[in-house]
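Everything below belongs to my_file-v5.tsv, which stores TSV, C-alpha atoms.
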```tsv
chain	number	residue	atom	x	y	z
A	1	MET	CA	23.54	13.40	39.30
A	2	LYS	CA	25.90	10.40	39.43
A	3	ALA	CA	23.63	8.50	37.03
A	4	LEU	CA	23.53	11.45	34.64
A	5	LEU	CA	27.31	11.75	34.58
A	6	PHE	CA	27.67	8.01	34.06
A	7	SER	CA	25.15	8.02	31.21
A	8	LEU	CA	26.84	10.98	29.54
A	9	SER	CA	30.24	9.30	29.90
A	10	LEU	CA	28.90	6.22	28.17
A	11	ILE	CA	27.44	8.32	25.35
A	12	VAL	CA	30.86	9.92	24.83
A	13	PHE	CA	32.46	6.46	24.89
A	14	MET	CA	30.01	5.27	22.25
A	15	ASN	CA	30.84	8.22	20.01
A	16	PHE	CA	34.52	7.28	20.14
A	17	THR	CA	33.66	3.69	19.18
A	18	ALA	CA	31.08	4.58	16.51
A	19	SER	CA	32.48	2.07	14.03
A	20	ALA	CA	31.56	-0.69	16.46
A	21	ALA	CA	28.32	0.90	17.68
A	22	PRO	CA	25.19	-1.22	17.45
A	23	ASP	CA	22.57	-0.32	14.88
A	24	ASP	CA	19.82	-0.83	17.45
A	25	LEU	CA	20.54	2.18	19.70
A	26	ARG	CA	17.10	3.44	20.66
A	27	VAL	CA	16.03	6.12	23.09
A	28	PHE	CA	12.39	5.86	24.12
A	29	THR	CA	9.99	8.78	24.50
A	30	PRO	CA	8.27	9.47	27.84
A	31	ASP	CA	4.96	8.20	26.40
A	32	ALA	CA	6.60	4.95	25.26
A	33	ILE	CA	8.23	4.52	28.67
A	34	ARG	CA	4.89	5.02	30.45
A	35	ALA	CA	3.18	2.57	28.09
A	36	MET	CA	5.84	-0.10	28.72
A	37	LEU	CA	6.16	0.29	32.47
A	38	GLY	CA	2.91	1.61	33.83
A	39	PRO	CA	2.75	3.27	37.23
A	40	HIS	CA	4.55	2.27	40.41
A	41	PRO	CA	2.54	1.92	43.63
A	42	ALA	CA	1.20	5.30	44.72
A	43	LYS	CA	2.66	6.90	47.83
A	44	GLY	CA	0.62	5.87	50.88
A	45	SER	CA	-1.25	3.14	48.96
A	46	GLU	CA	-1.97	-0.36	50.23
A	47	GLU	CA	0.32	-1.74	47.53
A	48	GLU	CA	3.19	0.45	48.73
A	49	ARG	CA	2.58	-0.66	52.33
A	50	ARG	CA	2.71	-4.32	51.26
A	51	GLU	CA	6.01	-3.66	49.46
A	52	PHE	CA	7.47	-2.05	52.59
A	53	ASP	CA	6.21	-4.93	54.77
A	54	PHE	CA	7.82	-7.44	52.41
A	55	LEU	CA	11.16	-5.59	52.44
A	56	ILE	CA	11.11	-5.32	56.23
A	57	GLU	CA	10.48	-9.08	56.52
A	58	LEU	CA	13.39	-9.81	54.17
A	59	GLN	CA	15.55	-7.46	56.20
A	60	LYS	CA	14.74	-9.40	59.38
A	61	ILE	CA	15.87	-12.72	57.94
A	62	ARG	CA	18.92	-11.65	55.93
A	63	THR	CA	22.24	-12.97	57.13
A	64	GLU	CA	25.63	-11.36	57.52
A	65	GLU	CA	26.88	-13.72	54.81
A	66	GLN	CA	24.23	-12.40	52.40
A	67	CYS	CA	25.32	-8.85	53.18
A	68	ARG	CA	28.99	-9.74	52.60
A	69	SER	CA	28.09	-11.45	49.34
A	70	ALA	CA	26.10	-8.42	48.16
A	71	ALA	CA	28.96	-6.09	49.09
A	72	SER	CA	31.44	-8.26	47.17
A	73	GLU	CA	29.41	-7.78	43.99
A	74	GLU	CA	29.37	-3.98	44.09
A	75	ASP	CA	32.33	-3.74	41.72
A	76	ALA	CA	31.33	-6.62	39.47
A	77	SER	CA	32.30	-6.63	35.81
A	78	LEU	CA	31.74	-8.92	32.87
A	79	VAL	CA	35.12	-10.52	33.60
A	80	THR	CA	34.53	-11.04	37.34
A	81	LEU	CA	30.95	-12.27	36.87
A	82	PHE	CA	31.42	-14.65	33.94
A	83	ALA	CA	35.13	-15.48	33.70
A	84	GLY	CA	35.77	-16.17	37.35
A	85	GLU	CA	36.03	-19.54	38.97
A	86	GLY	CA	33.56	-21.85	37.26
A	87	GLY	CA	32.36	-19.13	34.88
A	88	PRO	CA	31.27	-20.01	31.34
A	89	LEU	CA	33.84	-17.71	29.65
A	90	THR	CA	37.59	-17.47	29.62
A	91	ARG	CA	39.07	-14.14	30.73
A	92	ALA	CA	40.05	-13.43	27.10
A	93	GLU	CA	36.49	-14.10	25.88
A	94	ALA	CA	35.02	-11.86	28.57
A	95	ARG	CA	37.43	-9.04	27.64
A	96	LEU	CA	36.44	-9.35	23.96
A	97	LEU	CA	32.76	-9.04	24.88
A	98	THR	CA	33.33	-6.05	27.18
A	99	VAL	CA	33.11	-3.37	24.45
A	100	ARG	CA	29.83	-4.77	23.09
A	101	PHE	CA	28.53	-5.11	26.64
A	102	LEU	CA	29.40	-1.46	27.38
A	103	GLN	CA	27.52	-0.38	24.26
A	104	ALA	CA	24.43	-2.32	25.32
A	105	TYR	CA	24.86	-1.00	28.87
A	106	ALA	CA	24.92	2.56	27.53
A	107	ASN	CA	21.77	1.98	25.49
A	108	ALA	CA	19.92	0.57	28.49
A	109	GLY	CA	21.45	3.18	30.81
A	110	ILE	CA	20.15	6.10	28.78
A	111	ASN	CA	16.61	4.72	28.86
A	112	ILE	CA	16.78	3.79	32.54
A	113	PHE	CA	17.99	7.30	33.37
A	114	LEU	CA	15.11	8.82	31.37
A	115	ALA	CA	12.56	6.53	33.03
A	116	LYS	CA	13.92	7.17	36.53
A	117	SER	CA	13.74	10.92	35.84
A	118	LEU	CA	10.18	10.55	34.57
A	119	TYR	CA	8.87	8.58	37.57
A	120	ASP	CA	11.11	10.07	40.30
A	121	ARG	CA	10.14	7.37	42.84
A	122	PRO	CA	12.30	7.49	45.99
A	123	ARG	CA	14.22	4.40	47.08
A	124	PRO	CA	12.44	2.39	49.80
A	125	TYR	CA	15.00	3.40	52.46
A	126	ASP	CA	14.42	7.07	51.58
A	127	ALA	CA	10.65	6.64	51.84
A	128	ASN	CA	10.59	4.43	54.95
A	129	ALA	CA	13.14	4.75	57.77
A	130	GLU	CA	12.48	1.14	58.88
A	131	ILE	CA	14.25	-0.11	55.77
A	132	VAL	CA	18.01	-0.17	56.27
A	133	PRO	CA	20.21	-1.70	53.55
A	134	CYS	CA	23.34	-3.58	54.55
A	135	ILE	CA	25.35	-2.26	51.60
A	136	ALA	CA	26.06	1.23	50.28
A	137	LYS	CA	22.95	3.23	49.44
A	138	GLU	CA	22.28	4.27	45.86
A	139	SER	CA	21.70	7.94	45.17
A	140	SER	CA	19.41	7.43	42.18
A	141	THR	CA	15.67	6.98	42.29
A	142	ALA	CA	14.03	3.56	42.57
A	143	TYR	CA	11.69	3.11	39.63
A	144	PRO	CA	12.20	1.47	37.28
A	145	SER	CA	14.80	-0.89	38.65
A	146	GLY	CA	18.10	-0.49	36.86
A	147	HIS	CA	19.23	-3.89	38.13
A	148	THR	CA	16.16	-5.55	36.63
A	149	ALA	CA	16.58	-3.70	33.33
A	150	PHE	CA	20.23	-4.70	33.06
A	151	ALA	CA	19.44	-8.29	34.01
A	152	ARG	CA	16.77	-8.37	31.29
A	153	MET	CA	19.24	-6.86	28.82
```

Translate the structure described by the file into structure tokens.
Amino acid sequence: MKALLFSLSLIVFMNFTASAAPDDLRVFTPDAIRAMLGPHPAKGSEEERREFDFLIELQKIRTEEQCRSAASEEDASLVTLFAGEGGPLTRAEARLLTVRFLQAYANAGINIFLAKSLYDRPRPYDANAEIVPCIAKESSTAYPSGHTAFARM
């Protein structure tokens, strides 16, 4: 529900900034999404078990510092990520890019929301009680990865 409200908010934002809206806004169909992404590991499959084993191993070796670092990035923005200490942009440059970034974020967000709704794969910690994140849990589904999609964007 949180993802839906966020996506709808971004759509409204884009309508108010239509003069600056990108010409490449594209919402994919379910068939196109399936063709691009393919299936995730089936519930109870060997591939899913290997994923869980891998996550549990990472969980065993993570440090408190890694957890603190991950928590510090929960409220990251274009300014804090790229105009901070040693960043490639000035604060003014990052602020200028923020509107365009939000438009691209909305475009990706709409498609991620549609794909997550289509696949409806639970997050690993919802599917396996042995997996315990050290930061706040997301309420959306797991596949496809929104973080990966935004990083690719």

Do you know which residues are at most 10 Å from range 53-67 of chain A counting all atoms listed in the file, after dropping those on the same chain fewer than 6 positions away, and could you put them as a ChimeraX atom specification? /A:47,124-125,128,130-135

A straight line from CA of Thr29 in chain A to CA of Asp126 in chain A spans 27.5 Å

Interatomic distance between CA of Ile112 in chain A and CA of Glu93 in chain A?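 Computing the Euclidean distance for CA of Ile112 in chain A and CA of Glu93 in chain A yields 27.4 Å.
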
Interatomic distance between CA of Gly146 in chain A and CA of Glu73 in chain A?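 We find that CA of Gly146 in chain A and CA of Glu73 in chain A lie 15.2 Å from each other.
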
From the options A:Ala71, A:Leu96, A:Asp120, A:Ile110, which residue's atoms come nearest to Lys137 in chain A, counting only C-alpha atoms?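 Closest to Lys137 in chain A of all the choices is A:Ala71.
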
Name the residues within 10 Å of (34.6, -14.0, 30.1), counting all atoms listed in the file in the file's coordinates, and put them as a PDB file with C-alpha atoms, keeping the file's coordinate frame.
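Wrote it out as point_35.pdb, contents follow:
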```pdb
ATOM      1  CA  SER A  77      32.300  -6.630  35.810  1.00  0.00           C
ATOM      2  CA  LEU A  78      31.740  -8.920  32.870  1.00  0.00           C
ATOM      3  CA  VAL A  79      35.120 -10.520  33.600  1.00  0.00           C
ATOM      4  CA  THR A  80      34.530 -11.040  37.340  1.00  0.00           C
ATOM      5  CA  LEU A  81      30.950 -12.270  36.870  1.00  0.00           C
ATOM      6  CA  PHE A  82      31.420 -14.650  33.940  1.00  0.00           C
ATOM      7  CA  ALA A  83      35.130 -15.480  33.700  1.00  0.00           C
ATOM      8  CA  GLY A  84      35.770 -16.170  37.350  1.00  0.00           C
ATOM      9  CA  GLY A  87      32.360 -19.130  34.880  1.00  0.00           C
ATOM     10  CA  PRO A  88      31.270 -20.010  31.340  1.00  0.00           C
ATOM     11  CA  LEU A  89      33.840 -17.710  29.650  1.00  0.00           C
ATOM     12  CA  THR A  90      37.590 -17.470  29.620  1.00  0.00           C
ATOM     13  CA  ARG A  91      39.070 -14.140  30.730  1.00  0.00           C
ATOM     14  CA  ALA A  92      40.050 -13.430  27.100  1.00  0.00           C
ATOM     15  CA  GLU A  93      36.490 -14.100  25.880  1.00  0.00           C
ATOM     16  CA  ALA A  94      35.020 -11.860  28.570  1.00  0.00           C
ATOM     17  CA  ARG A  95      37.430  -9.040  27.640  1.00  0.00           C
ATOM     18  CA  LEU A  96      36.440  -9.350  23.960  1.00  0.00           C
ATOM     19  CA  LEU A  97      32.760  -9.040  24.880  1.00  0.00           C
ATOM     20  CA  THR A  98      33.330  -6.050  27.180  1.00  0.00           C
TER      21      THR A  98
END
```

At a cut-off of 10 Å, using all atoms listed in the file, what residues contact Pro30 in chain A? Leave out same-chain residues fewer than 3 positions from it and give the result as a ChimeraX atom specification. /A:27,33-36,111,114-115,117-119

Selected residue, from A:Ala142, A:Ala151, A:Ala70, A:Ala106, that lies nearest to His40 in chain A when counting all atoms listed in the file: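 Smallest distance to His40 in chain A is found for A:Ala142.
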
Out of A:Arg123, A:Phe101, A:Asn107, A:Glu74, which residue has the shortest atom-to-atom distance to Lys43 in chain A when counting all atoms listed in the file?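 Answer, going by the shortest atom-to-atom distance: A:Arg123.
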
Build an axis-aligned box that encloses every atom of range 137-153 of chain A listed in the file, pad it by 4 Å on each side, and report its centre and edge lengths in Å to one decimal, as JSON.
```
{"center_x": 17.3, "center_y": -0.2, "center_z": 39.1, "size_x": 19.3, "size_y": 24.3, "size_z": 28.6}
```

Using all atoms listed in the file, which of A:Asp31, A:Arg68, A:Glu48, A:Leu37 sits nearest Ala149 in chain A? A:Leu37

Kindly indicate which residue among A:Ala104, A:Ala129, A:Ala42, A:Ala32 lies nearest to Tyr143 in chain A, using all atoms listed in the file for the distances. A:Ala42
